[in-house]
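Participant: My structure is stored as structure33.pdb, with PDB, N, CA and C atoms and all ligand atoms.
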```pdb
ATOM      1  N   MET A  29     103.362 131.317 104.831
ATOM      2  CA  MET A  29     104.609 131.028 105.519
ATOM      3  C   MET A  29     104.510 129.629 106.131
ATOM      4  N   PRO A  30     105.402 128.742 105.739
ATOM      5  CA  PRO A  30     105.312 127.377 106.242
ATOM      6  C   PRO A  30     105.641 127.288 107.724
ATOM      7  N   LEU A  31     104.988 126.386 108.406
ATOM      8  CA  LEU A  31     105.302 126.124 109.797
ATOM      9  C   LEU A  31     106.516 125.202 109.851
ATOM     10  N   GLU A  32     107.026 124.987 111.042
ATOM     11  CA  GLU A  32     108.251 124.207 111.196
ATOM     12  C   GLU A  32     108.146 122.827 110.556
ATOM     13  N   TYR A  33     107.000 122.205 110.670
ATOM     14  CA  TYR A  33     106.860 120.845 110.161
ATOM     15  C   TYR A  33     105.984 120.768 108.923
ATOM     16  N   ASP A  34     105.811 121.906 108.243
ATOM     17  CA  ASP A  34     105.125 121.883 106.958
ATOM     18  C   ASP A  34     106.109 121.400 105.906
ATOM     19  N   PHE A  35     105.612 120.627 104.984
ATOM     20  CA  PHE A  35     106.458 120.145 103.906
ATOM     21  C   PHE A  35     105.902 120.643 102.587
ATOM     22  N   ASP A  36     106.794 120.876 101.662
ATOM     23  CA  ASP A  36     106.411 121.402 100.357
ATOM     24  C   ASP A  36     105.733 120.301  99.542
ATOM     25  N   VAL A  37     104.546 119.946 100.000
ATOM     26  CA  VAL A  37     103.763 118.900  99.349
ATOM     27  C   VAL A  37     102.394 119.501  99.024
ATOM     28  N   PRO A  38     102.215 119.985  97.802
ATOM     29  CA  PRO A  38     100.916 120.564  97.475
ATOM     30  C   PRO A  38      99.834 119.494  97.430
ATOM     31  N   SER A  39      98.613 119.918  97.722
ATOM     32  CA  SER A  39      97.485 118.987  97.679
ATOM     33  C   SER A  39      96.212 119.783  97.455
ATOM     34  N   VAL A  40      95.190 119.082  97.069
ATOM     35  CA  VAL A  40      93.872 119.687  96.910
ATOM     36  C   VAL A  40      92.925 119.002  97.888
ATOM     37  N   CYS A  41      92.253 119.794  98.683
ATOM     38  CA  CYS A  41      91.353 119.249  99.705
ATOM     39  C   CYS A  41      90.242 118.429  99.035
ATOM     40  N   PRO A  42      90.029 117.189  99.513
ATOM     41  CA  PRO A  42      88.957 116.377  98.934
ATOM     42  C   PRO A  42      87.567 116.832  99.350
ATOM     43  N   TRP A  43      87.493 117.754 100.291
ATOM     44  CA  TRP A  43      86.199 118.240 100.781
ATOM     45  C   TRP A  43      85.801 119.543 100.124
ATOM     46  N   CYS A  44      86.714 120.528 100.108
ATOM     47  CA  CYS A  44      86.335 121.865  99.624
ATOM     48  C   CYS A  44      87.048 122.270  98.333
ATOM     49  N   GLY A  45      88.055 121.502  97.909
ATOM     50  CA  GLY A  45      88.766 121.812  96.678
ATOM     51  C   GLY A  45      89.854 122.858  96.827
ATOM     52  N   PHE A  46      90.107 123.319  98.047
ATOM     53  CA  PHE A  46      91.144 124.329  98.267
ATOM     54  C   PHE A  46      92.516 123.738  97.945
ATOM     55  N   GLU A  47      93.355 124.533  97.282
ATOM     56  CA  GLU A  47      94.703 124.089  96.943
ATOM     57  C   GLU A  47      95.663 124.504  98.049
ATOM     58  N   ASN A  48      96.071 123.541  98.872
ATOM     59  CA  ASN A  48      97.019 123.794  99.948
ATOM     60  C   ASN A  48      98.436 123.715  99.383
ATOM     61  N   GLU A  49      99.269 124.701  99.733
ATOM     62  CA  GLU A  49     100.646 124.758  99.216
ATOM     63  C   GLU A  49     101.585 123.811  99.948
ATOM     64  N   ALA A  50     101.266 123.532 101.197
ATOM     65  CA  ALA A  50     102.139 122.702 102.019
ATOM     66  C   ALA A  50     101.276 121.756 102.844
ATOM     67  N   MET A  51     101.951 120.801 103.446
ATOM     68  CA  MET A  51     101.221 119.804 104.203
ATOM     69  C   MET A  51     102.017 119.466 105.467
ATOM     70  N   ALA A  52     101.305 119.277 106.561
ATOM     71  CA  ALA A  52     101.930 118.823 107.798
ATOM     72  C   ALA A  52     101.313 117.488 108.183
ATOM     73  N   ASN A  53     102.131 116.662 108.789
ATOM     74  CA  ASN A  53     101.663 115.380 109.306
ATOM     75  C   ASN A  53     101.106 115.655 110.697
ATOM     76  N   MET A  54      99.828 115.412 110.914
ATOM     77  CA  MET A  54      99.213 115.754 112.195
ATOM     78  C   MET A  54      99.603 114.802 113.316
ATOM     79  N   THR A  55     100.193 113.685 112.985
ATOM     80  CA  THR A  55     100.530 112.730 114.033
ATOM     81  C   THR A  55     102.041 112.529 114.169
ATOM     82  N   GLY A  56     102.813 113.431 113.597
ATOM     83  CA  GLY A  56     104.257 113.300 113.723
ATOM     84  C   GLY A  56     104.950 114.437 113.027
ATOM     85  N   THR A  57     106.265 114.403 113.050
ATOM     86  CA  THR A  57     107.031 115.477 112.445
ATOM     87  C   THR A  57     107.673 115.046 111.134
ATOM     88  N   GLU A  58     107.429 113.808 110.739
ATOM     89  CA  GLU A  58     108.025 113.317 109.513
ATOM     90  C   GLU A  58     107.235 113.817 108.300
ATOM     91  N   ARG A  59     107.878 113.739 107.148
ATOM     92  CA  ARG A  59     107.207 114.089 105.905
ATOM     93  C   ARG A  59     105.983 113.186 105.743
ATOM     94  N   PRO A  60     104.823 113.761 105.436
ATOM     95  CA  PRO A  60     103.607 112.953 105.326
ATOM     96  C   PRO A  60     103.726 111.895 104.227
ATOM     97  N   THR A  61     103.269 110.694 104.562
ATOM     98  CA  THR A  61     103.259 109.597 103.593
ATOM     99  C   THR A  61     101.864 108.987 103.555
ATOM    100  N   ASP A  62     101.664 108.103 102.613
ATOM    101  CA  ASP A  62     100.343 107.500 102.435
ATOM    102  C   ASP A  62      99.763 106.996 103.766
ATOM    103  N   GLY A  63      98.517 107.369 103.996
ATOM    104  CA  GLY A  63      97.818 106.945 105.206
ATOM    105  C   GLY A  63      97.913 107.938 106.342
ATOM    106  N   ASP A  64      98.837 108.908 106.271
ATOM    107  CA  ASP A  64      98.935 109.927 107.321
ATOM    108  C   ASP A  64      97.766 110.899 107.190
ATOM    109  N   VAL A  65      97.462 111.537 108.289
ATOM    110  CA  VAL A  65      96.337 112.474 108.306
ATOM    111  C   VAL A  65      96.853 113.904 108.307
ATOM    112  N   THR A  66      96.154 114.759 107.590
ATOM    113  CA  THR A  66      96.456 116.180 107.549
ATOM    114  C   THR A  66      95.130 116.938 107.582
ATOM    115  N   MET A  67      95.209 118.241 107.690
ATOM    116  CA  MET A  67      93.987 119.037 107.799
ATOM    117  C   MET A  67      94.042 120.190 106.809
ATOM    118  N   CYS A  68      92.944 120.424 106.114
ATOM    119  CA  CYS A  68      92.855 121.530 105.171
ATOM    120  C   CYS A  68      92.837 122.851 105.935
ATOM    121  N   MET A  69      93.661 123.799 105.515
ATOM    122  CA  MET A  69      93.718 125.097 106.175
ATOM    123  C   MET A  69      92.562 126.002 105.765
ATOM    124  N   GLU A  70      91.781 125.589 104.809
ATOM    125  CA  GLU A  70      90.624 126.383 104.397
ATOM    126  C   GLU A  70      89.361 125.947 105.137
ATOM    127  N   CYS A  71      89.075 124.638 105.118
ATOM    128  CA  CYS A  71      87.826 124.156 105.724
ATOM    129  C   CYS A  71      88.034 123.435 107.050
ATOM    130  N   GLY A  72      89.276 123.071 107.376
ATOM    131  CA  GLY A  72      89.560 122.434 108.656
ATOM    132  C   GLY A  72      89.140 120.982 108.744
ATOM    133  N   ILE A  73      88.846 120.365 107.612
ATOM    134  CA  ILE A  73      88.420 118.968 107.626
ATOM    135  C   ILE A  73      89.624 118.083 107.317
ATOM    136  N   LEU A  74      89.622 116.904 107.929
ATOM    137  CA  LEU A  74      90.751 115.989 107.799
ATOM    138  C   LEU A  74      90.784 115.306 106.448
ATOM    139  N   GLY A  75      92.004 115.115 105.954
ATOM    140  CA  GLY A  75      92.230 114.366 104.729
ATOM    141  C   GLY A  75      93.344 113.354 104.962
ATOM    142  N   VAL A  76      93.368 112.332 104.132
ATOM    143  CA  VAL A  76      94.375 111.277 104.247
ATOM    144  C   VAL A  76      95.312 111.384 103.052
ATOM    145  N   VAL A  77      96.604 111.366 103.337
ATOM    146  CA  VAL A  77      97.601 111.420 102.266
ATOM    147  C   VAL A  77      97.456 110.178 101.392
ATOM    148  N   ASP A  78      97.380 110.411 100.083
ATOM    149  CA  ASP A  78      97.217 109.320  99.124
ATOM    150  C   ASP A  78      97.935 109.728  97.844
ATOM    151  N   THR A  79      99.179 109.272  97.714
ATOM    152  CA  THR A  79      99.964 109.686  96.554
ATOM    153  C   THR A  79      99.413 109.125  95.248
ATOM    154  N   ALA A  80      98.536 108.133  95.325
ATOM    155  CA  ALA A  80      97.918 107.599  94.109
ATOM    156  C   ALA A  80      96.799 108.510  93.606
ATOM    157  N   SER A  81      96.328 109.399  94.454
ATOM    158  CA  SER A  81      95.277 110.331  94.067
ATOM    159  C   SER A  81      95.889 111.528  93.336
ATOM    160  N   PRO A  82      95.271 112.008  92.263
ATOM    161  CA  PRO A  82      95.813 113.174  91.572
ATOM    162  C   PRO A  82      95.844 114.427  92.448
ATOM    163  N   THR A  83      95.034 114.450  93.483
ATOM    164  CA  THR A  83      95.017 115.600  94.378
ATOM    165  C   THR A  83      95.956 115.434  95.556
ATOM    166  N   GLY A  84      96.499 114.232  95.758
ATOM    167  CA  GLY A  84      97.406 113.974  96.876
ATOM    168  C   GLY A  84      96.712 113.621  98.171
ATOM    169  N   LEU A  85      95.392 113.733  98.186
ATOM    170  CA  LEU A  85      94.623 113.442  99.394
ATOM    171  C   LEU A  85      93.340 112.707  99.032
ATOM    172  N   ARG A  86      92.802 112.026 100.010
ATOM    173  CA  ARG A  86      91.470 111.434  99.879
ATOM    174  C   ARG A  86      90.714 111.646 101.187
ATOM    175  N   LYS A  87      89.414 111.435 101.130
ATOM    176  CA  LYS A  87      88.618 111.517 102.354
ATOM    177  C   LYS A  87      88.903 110.282 103.207
ATOM    178  N   PRO A  88      88.945 110.425 104.530
ATOM    179  CA  PRO A  88      89.139 109.253 105.373
ATOM    180  C   PRO A  88      87.915 108.346 105.315
ATOM    181  N   ASN A  89      88.157 107.037 105.414
ATOM    182  CA  ASN A  89      87.013 106.135 105.496
ATOM    183  C   ASN A  89      86.457 106.212 106.921
ATOM    184  N   PRO A  90      85.278 105.638 107.179
ATOM    185  CA  PRO A  90      84.664 105.779 108.512
ATOM    186  C   PRO A  90      85.536 105.253 109.653
ATOM    187  N   ILE A  91      86.272 104.175 109.400
ATOM    188  CA  ILE A  91      87.130 103.624 110.459
ATOM    189  C   ILE A  91      88.282 104.585 110.752
ATOM    190  N   GLU A  92      88.908 105.121 109.700
ATOM    191  CA  GLU A  92      89.990 106.085 109.894
ATOM    192  C   GLU A  92      89.471 107.329 110.610
ATOM    193  N   ARG A  93      88.327 107.803 110.166
ATOM    194  CA  ARG A  93      87.760 109.025 110.754
ATOM    195  C   ARG A  93      87.545 108.851 112.258
ATOM    196  N   ALA A  94      86.962 107.716 112.648
ATOM    197  CA  ALA A  94      86.734 107.461 114.074
ATOM    198  C   ALA A  94      88.053 107.405 114.831
ATOM    199  N   GLU A  95      89.044 106.776 114.221
ATOM    200  CA  GLU A  95      90.367 106.683 114.849
ATOM    201  C   GLU A  95      90.985 108.071 115.021
ATOM    202  N   PHE A  96      90.914 108.889 113.982
ATOM    203  CA  PHE A  96      91.491 110.235 114.049
ATOM    204  C   PHE A  96      90.811 111.063 115.144
ATOM    205  N   LEU A  97      89.507 110.944 115.237
ATOM    206  CA  LEU A  97      88.775 111.778 116.186
ATOM    207  C   LEU A  97      88.976 111.334 117.637
ATOM    208  N   ARG A  98      89.563 110.170 117.842
ATOM    209  CA  ARG A  98      89.909 109.726 119.203
ATOM    210  C   ARG A  98      91.312 110.197 119.603
ATOM    211  N   ASP A  99      92.092 110.640 118.635
ATOM    212  CA  ASP A  99      93.478 111.036 118.905
ATOM    213  C   ASP A  99      93.500 112.406 119.601
ATOM    214  N   PRO A 100      94.064 112.490 120.805
ATOM    215  CA  PRO A 100      94.056 113.764 121.534
ATOM    216  C   PRO A 100      94.768 114.895 120.799
ATOM    217  N   ASP A 101      95.851 114.596 120.098
ATOM    218  CA  ASP A 101      96.559 115.655 119.365
ATOM    219  C   ASP A 101      95.719 116.178 118.202
ATOM    220  N   ILE A 102      95.053 115.293 117.507
ATOM    221  CA  ILE A 102      94.191 115.723 116.397
ATOM    222  C   ILE A 102      93.009 116.529 116.940
ATOM    223  N   LYS A 103      92.460 116.089 118.066
ATOM    224  CA  LYS A 103      91.343 116.846 118.655
ATOM    225  C   LYS A 103      91.786 118.264 119.023
ATOM    226  N   LYS A 104      93.002 118.398 119.550
ATOM    227  CA  LYS A 104      93.524 119.733 119.894
ATOM    228  C   LYS A 104      93.678 120.591 118.633
ATOM    229  N   MET A 105      94.181 119.994 117.566
ATOM    230  CA  MET A 105      94.362 120.745 116.315
ATOM    231  C   MET A 105      93.011 121.199 115.752
ATOM    232  N   LEU A 106      92.030 120.321 115.781
ATOM    233  CA  LEU A 106      90.702 120.688 115.273
ATOM    234  C   LEU A 106      90.105 121.803 116.122
ATOM    235  N   TRP A 107      90.297 121.721 117.433
ATOM    236  CA  TRP A 107      89.795 122.747 118.336
ATOM    237  C   TRP A 107      90.494 124.080 118.054
ATOM    238  N   ALA A 108      91.818 124.054 117.890
ATOM    239  CA  ALA A 108      92.571 125.282 117.608
ATOM    240  C   ALA A 108      92.153 125.862 116.259
ATOM    241  N   TRP A 109      91.993 125.007 115.261
ATOM    242  CA  TRP A 109      91.596 125.490 113.940
ATOM    243  C   TRP A 109      90.219 126.165 114.034
ATOM    244  N   GLN A 110      89.312 125.592 114.819
ATOM    245  CA  GLN A 110      87.975 126.168 114.938
ATOM    246  C   GLN A 110      88.037 127.571 115.532
ATOM    247  N   ILE A 111      88.885 127.790 116.516
ATOM    248  CA  ILE A 111      89.038 129.123 117.107
ATOM    249  C   ILE A 111      89.557 130.109 116.053
ATOM    250  N   VAL A 112      90.589 129.708 115.325
ATOM    251  CA  VAL A 112      91.152 130.574 114.284
ATOM    252  C   VAL A 112      90.105 130.860 113.206
ATOM    253  N   ASP A 113      89.372 129.838 112.813
ATOM    254  CA  ASP A 113      88.361 130.035 111.772
ATOM    255  C   ASP A 113      87.246 130.968 112.259
ATOM    256  N   ASP A 114      86.839 130.826 113.505
ATOM    257  CA  ASP A 114      85.824 131.729 114.056
ATOM    258  C   ASP A 114      86.321 133.177 113.991
ATOM    259  N   GLN A 115      87.594 133.391 114.351
ATOM    260  CA  GLN A 115      88.163 134.743 114.311
ATOM    261  C   GLN A 115      88.252 135.250 112.871
ATOM    262  N   ARG A 116      88.620 134.368 111.966
ATOM    263  CA  ARG A 116      88.726 134.748 110.555
ATOM    264  C   ARG A 116      87.357 135.155 110.007
ATOM    265  N   ARG A 117      86.337 134.375 110.341
ATOM    266  CA  ARG A 117      84.984 134.706 109.874
ATOM    267  C   ARG A 117      84.498 136.033 110.466
ATOM    268  N   ALA A 118      84.811 136.258 111.736
ATOM    269  CA  ALA A 118      84.410 137.509 112.380
ATOM    270  C   ALA A 118      85.098 138.697 111.701
ATOM    271  N   ALA A 119      86.386 138.534 111.348
ATOM    272  CA  ALA A 119      87.127 139.611 110.690
ATOM    273  C   ALA A 119      86.526 139.901 109.309
ATOM    274  N   ARG A 120      86.131 138.855 108.606
ATOM    275  CA  ARG A 120      85.518 139.047 107.286
ATOM    276  C   ARG A 120      84.204 139.806 107.407
ATOM    277  N   ARG A 121      83.425 139.480 108.441
ATOM    278  CA  ARG A 121      82.142 140.180 108.635
ATOM    279  C   ARG A 121      82.374 141.664 108.931
ATOM    280  N   ARG A 122      83.423 141.958 109.716
ATOM    281  CA  ARG A 122      83.719 143.350 110.067
ATOM    282  C   ARG A 122      84.150 144.144 108.827
ATOM    283  N   HIS A 123      84.810 143.484 107.898
ATOM    284  CA  HIS A 123      85.342 144.179 106.724
ATOM    285  C   HIS A 123      84.445 144.099 105.497
ATOM    286  N   SER A 124      83.327 143.416 105.598
ATOM    287  CA  SER A 124      82.429 143.340 104.449
ATOM    288  C   SER A 124      81.432 144.503 104.510
ATOM    289  N   PRO A 125      80.997 144.972 103.351
ATOM    290  CA  PRO A 125      80.109 146.141 103.341
ATOM    291  C   PRO A 125      78.739 145.848 103.936
TER     292      PRO A 125
HETATM  293 ZN    ZN B 201      89.129 121.928 102.577
END
```
Once more with this new file: its structure as structure tokens, please.
Facilitator:
Amino acid sequence: MPLEYDFDVPSVCPWCGFENEAMANMTGTERPTDGDVTMCMECGILGVVDTASPTGLRKPNPIERAEFLRDPDIKKMLWAWQIVDDQRRAARRRHSP
């Protein structure tokens, strides 16, 4: 189910290969464009929108990564994702044989 600011922009995570159905711009509400940052819903790692890439995303370079990690909104999103992922992993452990 897409969130309010998710856009129907499929992409493949450059870190884990997960195919994300939608994409949100982590630094605004506009449709993500080249250079914007987004986060994979599978691994929680940041990716940079790159329409020239066949996957739609690329890994951030070191300068971009440092910039993203200083952004308070991005830090909040990473923190929230970590809580959700911890809960998801705990649920999987409870349901595994
Ligand atoms: Zn990923």
Participant: I'd like to know which of A:Thr55, A:Gly45, A:Ser39, A:Ala118 is closest to Ala80 in chain A, using only C-alpha atoms.
Facilitator: A:Ser39
Participant: Set out as a tab-separated table a contact list for chain A and ligand ZN 201 (chain B) with a cut-off of 6 Å, giving each residue of chain A that qualifies its closest atom pair and distance in Å to one decimal, counting all atoms listed in the file, ordered by chain and rising residue number.
Facilitator:
```
residue	atom	partner	partner_atom	distance
A:Cys41	CA	B:ZN201	ZN	4.5
A:Pro42	N	B:ZN201	ZN	5.7
A:Trp43	C	B:ZN201	ZN	4.8
A:Cys44	N	B:ZN201	ZN	3.7
A:Gly45	N	B:ZN201	ZN	4.8
A:Phe46	N	B:ZN201	ZN	4.8
A:Cys68	CA	B:ZN201	ZN	4.6
A:Met69	N	B:ZN201	ZN	5.7
A:Glu70	C	B:ZN201	ZN	4.8
A:Cys71	N	B:ZN201	ZN	3.7
A:Gly72	N	B:ZN201	ZN	4.9
A:Ile73	N	B:ZN201	ZN	5.3
```
Participant: Please dump the current selection as a short mmCIF file (atom, residue, chain, number, x, y, z; two decimals), in the frame of the given file; keep N, CA and C atoms.
Facilitator:
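And here is the file that came out, part_34.cif:
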```cif
data_model
loop_
_atom_site.label_atom_id
_atom_site.label_comp_id
_atom_site.auth_asym_id
_atom_site.auth_seq_id
_atom_site.Cartn_x
_atom_site.Cartn_y
_atom_site.Cartn_z
N CYS A 41 92.25 119.79 98.68
CA CYS A 41 91.35 119.25 99.70
C CYS A 41 90.24 118.43 99.04
N PRO A 42 90.03 117.19 99.51
CA PRO A 42 88.96 116.38 98.93
C PRO A 42 87.57 116.83 99.35
N TRP A 43 87.49 117.75 100.29
CA TRP A 43 86.20 118.24 100.78
C TRP A 43 85.80 119.54 100.12
N CYS A 44 86.71 120.53 100.11
CA CYS A 44 86.34 121.86 99.62
C CYS A 44 87.05 122.27 98.33
N GLY A 45 88.06 121.50 97.91
CA GLY A 45 88.77 121.81 96.68
C GLY A 45 89.85 122.86 96.83
N PHE A 46 90.11 123.32 98.05
CA PHE A 46 91.14 124.33 98.27
C PHE A 46 92.52 123.74 97.94
N CYS A 68 92.94 120.42 106.11
CA CYS A 68 92.86 121.53 105.17
C CYS A 68 92.84 122.85 105.94
N MET A 69 93.66 123.80 105.52
CA MET A 69 93.72 125.10 106.18
C MET A 69 92.56 126.00 105.76
N GLU A 70 91.78 125.59 104.81
CA GLU A 70 90.62 126.38 104.40
C GLU A 70 89.36 125.95 105.14
N CYS A 71 89.08 124.64 105.12
CA CYS A 71 87.83 124.16 105.72
C CYS A 71 88.03 123.44 107.05
N GLY A 72 89.28 123.07 107.38
CA GLY A 72 89.56 122.43 108.66
C GLY A 72 89.14 120.98 108.74
N ILE A 73 88.85 120.36 107.61
CA ILE A 73 88.42 118.97 107.63
C ILE A 73 89.62 118.08 107.32
#
```
Participant: Identify all residues satisfying the PyMOL selection byres (((chain A and resi 102 and name CA) around 12) and not hetatm and name CA) in the given file; provide them as number ranges by chain.
Facilitator: A: 52-56, 64-67, 72-75, 93-101, 103-109
Participant: When you draw a straight line from CA of Thr61 in chain A to CA of Val77 in chain A, how long is it in Å?
Facilitator: 6.1 Å
Participant: From a backbone DSSP assignment, name each residue in chain A labelled helix (DSSP H, G or I), as an MDAnalysis selection string.
Facilitator: chainID A and resid 90:98 100:123
Participant: Go ahead and compute the interatomic distance for atom N of Ser81 in chain A and atom N of Gln110 in chain A, in Å to one decimal.
Facilitator: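 So the answer is 26.9 Å.
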Participant: What separation in Å, quoted to one decimal, exists between CA of Lys87 in chain A and atom C of Ile111 in chain A?
Facilitator: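 Going from CA of Lys87 in chain A over to atom C of Ile111 in chain A covers 23.1 Å.
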